[in-house]
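Engineer: Structure: run.tsv, TSV, C-alpha atoms.
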chain	number	residue	atom	x	y	z
K	1482	SER	CA	0.83	-17.88	3.76
K	1483	GLU	CA	0.51	-14.12	3.65
K	1484	MET	CA	-0.11	-12.49	7.01
K	1485	TRP	CA	-1.95	-9.18	6.98
K	1486	GLU	CA	-3.04	-6.92	9.79
K	1487	VAL	CA	-5.17	-3.82	10.02
K	1488	PRO	CA	-2.92	-0.98	11.22
K	1489	SER	CA	-3.89	1.45	13.95
K	1490	ALA	CA	-4.93	4.90	12.76
K	1491	GLU	CA	-1.53	6.26	13.81
K	1492	SER	CA	0.35	3.49	12.01
K	1493	ALA	CA	-1.79	3.90	8.88
K	1494	ALA	CA	-1.05	7.63	8.85
K	1495	GLY	CA	2.68	6.95	9.10
K	1496	LEU	CA	2.55	4.38	6.29
K	1497	LEU	CA	0.59	6.80	4.11
K	1498	ALA	CA	3.11	9.57	4.84
K	1499	GLU	CA	5.95	7.27	3.74
K	1500	LEU	CA	4.03	6.30	0.60
K	1501	ARG	CA	3.51	9.97	-0.26
K	1502	LEU	CA	7.24	10.63	0.25
K	1503	GLU	CA	8.20	7.79	-2.06
K	1504	LEU	CA	5.77	8.36	-4.94
K	1505	PRO	CA	7.43	9.97	-7.97
K	1506	ALA	CA	5.38	12.10	-10.36
K	1507	GLY	CA	3.76	9.88	-12.93
K	1508	HIS	CA	3.36	6.91	-10.57
K	1509	ASP	CA	-0.01	5.13	-10.83
K	1510	LEU	CA	-0.87	6.26	-7.29
K	1511	PHE	CA	0.60	9.78	-7.46
K	1512	ASP	CA	-2.64	11.74	-7.94
K	1513	LEU	CA	-4.95	9.34	-6.10
K	1514	ASP	CA	-6.46	9.92	-2.65
K	1515	CYS	CA	-5.21	6.71	-1.07
K	1516	THR	CA	-5.83	5.30	2.38
K	1517	VAL	CA	-3.86	2.44	3.93
K	1518	VAL	CA	-6.21	-0.38	4.92
K	1519	ALA	CA	-3.78	-3.21	5.75
K	1520	LYS	CA	-0.11	-4.08	6.17
K	1521	ARG	CA	1.76	-7.33	5.68
K	1522	VAL	CA	3.25	-8.59	8.94
K	1523	ASP	CA	6.21	-10.27	7.21
K	1524	SER	CA	7.17	-7.59	4.66
K	1525	ASP	CA	6.87	-3.90	3.79
K	1526	ASP	CA	3.76	-4.41	1.66
K	1527	ILE	CA	0.70	-2.31	2.31
K	1528	LEU	CA	-2.80	-2.49	0.83
K	1529	VAL	CA	-4.17	0.87	-0.22
K	1530	ASP	CA	-7.71	1.84	-1.11
K	1531	THR	CA	-7.55	4.28	-4.03
K	1532	GLN	CA	-11.08	5.57	-3.31
K	1533	ASP	CA	-12.14	4.84	-6.91
K	1534	GLY	CA	-13.17	1.23	-6.45
K	1535	ARG	CA	-9.65	-0.17	-6.75
K	1536	PHE	CA	-7.11	-1.49	-4.31
K	1537	ALA	CA	-3.37	-1.88	-4.78
K	1538	VAL	CA	-0.63	-3.78	-2.99
K	1539	VAL	CA	2.36	-1.47	-2.67
K	1540	HIS	CA	5.86	-2.46	-1.56
K	1541	LEU	CA	7.32	0.45	0.43
K	1542	THR	CA	11.08	0.90	0.15
K	1543	TRP	CA	11.45	3.11	3.26
K	1544	LYS	CA	13.82	5.35	1.33
K	1545	ALA	CA	12.12	8.34	3.03
K	1546	SER	CA	12.42	10.32	-0.20
K	1547	THR	CA	11.13	10.26	-3.77
K	1548	GLU	CA	11.80	6.96	-5.51
K	1549	ILE	CA	12.90	6.38	-9.09
K	1550	ALA	CA	10.31	5.67	-11.80
K	1551	GLY	CA	8.65	2.31	-11.28
K	1552	GLN	CA	9.09	2.40	-7.49
K	1553	PRO	CA	7.49	1.73	-5.12
K	1554	THR	CA	6.10	-1.32	-6.88
K	1555	CYS	CA	2.34	-1.42	-7.21
K	1556	ASP	CA	0.39	-4.60	-7.90
K	1557	TRP	CA	-3.29	-4.37	-8.75
K	1558	SER	CA	-3.80	-8.12	-9.25
K	1559	ASP	CA	-3.68	-9.35	-5.65
K	1560	ALA	CA	-6.10	-6.83	-4.19
K	1561	ASN	CA	-9.20	-9.06	-4.15
K	1562	ILE	CA	-7.27	-11.81	-2.39
K	1563	CYS	CA	-6.03	-9.26	0.13
K	1564	LEU	CA	-9.52	-7.97	0.76
K	1565	GLU	CA	-10.67	-11.50	1.57
K	1566	LEU	CA	-7.80	-11.86	4.03
K	1567	ILE	CA	-8.57	-8.51	5.63
K	1568	GLY	CA	-12.22	-9.46	5.93
K	1569	ALA	CA	-11.12	-12.55	7.80
K	1570	ILE	CA	-9.02	-10.64	10.35
K	1571	GLN	CA	-11.36	-7.73	11.05
Any chance you could put this one into structure tokens?
Structural biologist:
Amino acid sequence: SEMWEVPSAESAAGLLAELRLELPAGHDLFDLDCTVVAKRVDSDDILVDTQDGRFAVVHLTWKASTEIAGQPTCDWSDANICLELIGAIQ
């Protein structure tokens, strides 16, 4: 099963900084004011709140620089499931 945790404020800031580094212009999240609300324990996936009523699961690559188009991957479909999991661990 998927294991999620709520990151500390410091950890969330670091994850968001990495996300901002990776996002290429034109990415779905590029112009959105995202906050990191959870992180997978067993992978580099993070759950971001896009501040517009949507959530996205993003797979960070940890390239520490701008990614190619289509990266980092962003999945909108699992967000509700993730929110339920986060609700259970908070």
Engineer: For Ser1524 (chain K), work out the shell of residues within 12 Å, counting only C-alpha atoms and skipping chain neighbours fewer than 2 positions away, then give it as a ChimeraX atom specification.
Structural biologist: /K:1483-1486,1519-1522,1526-1528,1538-1543
Engineer: Give me, please, the distance in Å between CA of Gly1534 (chain K) and CA of Ile1549 (chain K), quoted to one decimal.
Structural biologist: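 Between CA of Gly1534 (chain K) and CA of Ile1549 (chain K) the gap works out to 26.7 Å.
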Engineer: Please list, as a ChimeraX atom specification, the residues that have an atom at most 9 Å away from (7.2, 9.4, -10.5) in the coordinates of this file, counting all atoms listed in the file.
Structural biologist: /K:1503-1509,1511,1547-1552
Engineer: Which value, in Å to one decimal, gives the distance between CA of Asp1512 (chain K) and CA of Val1529 (chain K)?
Structural biologist: 13.4 Å
Engineer: Which residue out of K:Asp1530, K:Asp1525, K:Leu1510, K:Arg1501 has the minimum interatomic distance to Ser1546 (chain K) when all atoms listed in the file are used?
Structural biologist: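 Checking each of K:Asp1530, K:Asp1525, K:Leu1510, K:Arg1501 against Ser1546 (chain K), counting all atoms listed in the file, the winner is K:Arg1501.
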Engineer: Please determine, counting only C-alpha atoms, which residue among K:Asp1556, K:Glu1491, K:Asp1533, K:Glu1565 has the shortest atom-to-atom distance to Asp1514 (chain K).
Structural biologist: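 Among the listed residues, the smallest separation from Asp1514 (chain K) belongs to K:Asp1533.
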Engineer: Which one is closest to Pro1553 (chain K): K:Pro1488, K:Leu1500, K:Val1518, K:Asp1523? Count all atoms listed in the file.
Structural biologist: K:Leu1500
Engineer: In Å to one decimal, how far is CA of Thr1531 (chain K) from CA of Ala1545 (chain K)?
Structural biologist: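 These atoms are spaced 21.3 Å apart.
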Engineer: Excluding Leu1497 (chain K) and residues on its chain fewer than 6 positions from it, collect all residues at most 9 Å away from it, counting only C-alpha atoms, and give them as a ChimeraX atom specification.
Structural biologist: /K:1515-1517,1529
